[in-house]
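run26.pdb (PDB, C-alpha atoms) appears below.
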```
ATOM      1  CA  MET J 136      92.522 126.190 304.715
ATOM      2  CA  ASP J 137      92.868 125.619 300.979
ATOM      3  CA  ASN J 138      94.247 129.106 300.356
ATOM      4  CA  LEU J 139      97.942 129.601 299.881
ATOM      5  CA  GLU J 140      99.073 132.787 301.578
ATOM      6  CA  ILE J 141     102.662 133.637 300.806
ATOM      7  CA  LYS J 142     103.499 136.221 303.402
ATOM      8  CA  GLY J 143     106.564 138.391 303.511
ATOM      9  CA  ASN J 144     109.613 137.643 301.466
ATOM     10  CA  TRP J 145     109.370 134.472 299.366
ATOM     11  CA  ASN J 146     113.164 134.216 299.278
ATOM     12  CA  VAL J 147     113.202 133.663 303.053
ATOM     13  CA  LEU J 148     110.488 131.008 302.803
ATOM     14  CA  LYS J 149     112.315 129.411 299.895
ATOM     15  CA  GLY J 150     115.467 129.126 302.007
ATOM     16  CA  LYS J 151     113.561 127.454 304.822
ATOM     17  CA  PHE J 152     112.027 124.958 302.396
ATOM     18  CA  LYS J 153     115.465 124.150 300.969
ATOM     19  CA  GLN J 154     116.716 123.454 304.491
ATOM     20  CA  ARG J 155     113.838 121.072 305.184
ATOM     21  CA  TYR J 156     113.896 119.370 301.782
ATOM     22  CA  ALA J 157     117.451 119.211 300.467
ATOM     23  CA  ASP J 158     116.455 117.796 297.073
ATOM     24  CA  LEU J 159     114.452 120.912 296.085
ATOM     25  CA  THR J 160     116.026 123.131 293.451
ATOM     26  CA  ASP J 161     115.576 126.829 292.740
ATOM     27  CA  ASP J 162     113.423 125.862 289.756
ATOM     28  CA  ASP J 163     111.170 123.792 292.026
ATOM     29  CA  LEU J 164     110.698 126.798 294.286
ATOM     30  CA  THR J 165     110.113 129.423 291.613
ATOM     31  CA  TYR J 166     107.066 131.459 292.621
ATOM     32  CA  VAL J 167     105.133 133.413 290.031
ATOM     33  CA  GLU J 168     102.139 135.366 291.263
ATOM     34  CA  GLY J 169      98.951 133.768 289.988
ATOM     35  CA  LYS J 170     100.599 130.384 289.426
ATOM     36  CA  GLU J 171     100.426 129.012 292.944
ATOM     37  CA  ASP J 172      98.968 125.712 291.675
ATOM     38  CA  GLU J 173     102.090 125.065 289.595
ATOM     39  CA  LEU J 174     104.317 125.727 292.606
ATOM     40  CA  LEU J 175     102.257 123.403 294.786
ATOM     41  CA  GLY J 176     102.303 120.710 292.109
ATOM     42  CA  ARG J 177     106.100 120.795 291.907
ATOM     43  CA  LEU J 178     106.379 120.685 295.697
ATOM     44  CA  GLN J 179     103.938 117.767 295.894
ATOM     45  CA  GLN J 180     105.999 115.775 293.397
ATOM     46  CA  LYS J 181     109.281 116.403 295.206
ATOM     47  CA  THR J 182     108.109 116.052 298.811
ATOM     48  CA  GLY J 183     105.330 113.488 298.450
ATOM     49  CA  LYS J 184     103.102 115.582 300.700
ATOM     50  CA  ALA J 185      99.454 116.385 300.112
ATOM     51  CA  ARG J 186      98.433 119.822 298.846
ATOM     52  CA  GLU J 187      96.777 120.750 302.163
ATOM     53  CA  GLU J 188      99.873 119.756 304.138
ATOM     54  CA  LEU J 189     102.073 121.961 301.953
ATOM     55  CA  ILE J 190      99.682 124.911 302.181
ATOM     56  CA  ASP J 191      99.651 124.654 305.974
ATOM     57  CA  GLU J 192     103.436 124.359 306.084
ATOM     58  CA  ILE J 193     103.979 127.409 303.860
ATOM     59  CA  ASN J 194     101.410 129.489 305.747
ATOM     60  CA  ASN J 195     103.036 128.592 309.087
ATOM     61  CA  LEU J 196     106.598 129.535 308.061
TER      62      LEU J 196
END
```
Could the structure of this file be written out as structure tokens, please?
Amino acid sequence: MDNLEIKGNWNVLKGKFKQRYADLTDDDLTYVEGKEDELLGRLQQKTGKAREELIDEINNL
């Protein structure tokens, strides 16, 4: 459950996240392979959600 699995095209997932959370910027959603923790940290700060919640949300998109 604690593993982030970015499936498919990140640009599609990024668009869905921007729709759900309007205050996210492109910089907030920048994904660099191997730096998933940084991405999750930025998302936690902006959304106020726990790491596990965000991982589940991303994996379910």
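What separates atom CA of J:Asp161 from atom CA of J:Asn146 is a distance of 10.2 Å.
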Find the residues around J:Leu174 up to 12 Å (all atoms listed in the file counted), leave out those fewer than 2 positions away in its own chain, and share them as a compact mmCIF listing (two decimals) with C-alpha atoms, in the frame of the given file.
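Output file part_23.txt is given in full below:
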```txt
# COMPACT_ATOMS: atom_id res chain seq x y z
CA LEU J 139 97.94 129.60 299.88
CA ILE J 141 102.66 133.64 300.81
CA LYS J 149 112.32 129.41 299.90
CA LEU J 159 114.45 120.91 296.08
CA ASP J 161 115.58 126.83 292.74
CA ASP J 162 113.42 125.86 289.76
CA ASP J 163 111.17 123.79 292.03
CA LEU J 164 110.70 126.80 294.29
CA THR J 165 110.11 129.42 291.61
CA TYR J 166 107.07 131.46 292.62
CA VAL J 167 105.13 133.41 290.03
CA GLU J 168 102.14 135.37 291.26
CA GLY J 169 98.95 133.77 289.99
CA LYS J 170 100.60 130.38 289.43
CA GLU J 171 100.43 129.01 292.94
CA ASP J 172 98.97 125.71 291.68
CA GLY J 176 102.30 120.71 292.11
CA ARG J 177 106.10 120.80 291.91
CA LEU J 178 106.38 120.68 295.70
CA GLN J 179 103.94 117.77 295.89
CA GLN J 180 106.00 115.78 293.40
CA LYS J 181 109.28 116.40 295.21
CA ARG J 186 98.43 119.82 298.85
CA LEU J 189 102.07 121.96 301.95
CA ILE J 190 99.68 124.91 302.18
CA ILE J 193 103.98 127.41 303.86
```
Quick one: what's the axis-aligned box for stretch 152-156 of chain J, all listed atoms, 3 Å on every side, centre and edges in Å to one decimal, as AutoDock Vina command-line options?
```
--center_x 114.4 --center_y 122.2 --center_z 303.1 --size_x 10.7 --size_y 11.6 --size_z 10.2
```
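When atom CA of J:Asp158 is paired with atom CA of J:Asn144, their separation reads 21.4 Å.
Interatomic distance, atom CA of J:Leu175 against atom CA of J:Arg155: 15.7 Å.
Within the 9 Å cut-off around J:Leu196, using all atoms listed in the file and omitting residues fewer than 4 positions from it on the same chain, the listed residues are Lys142, Leu148, Lys151, Asp191 and Glu192 of chain J.
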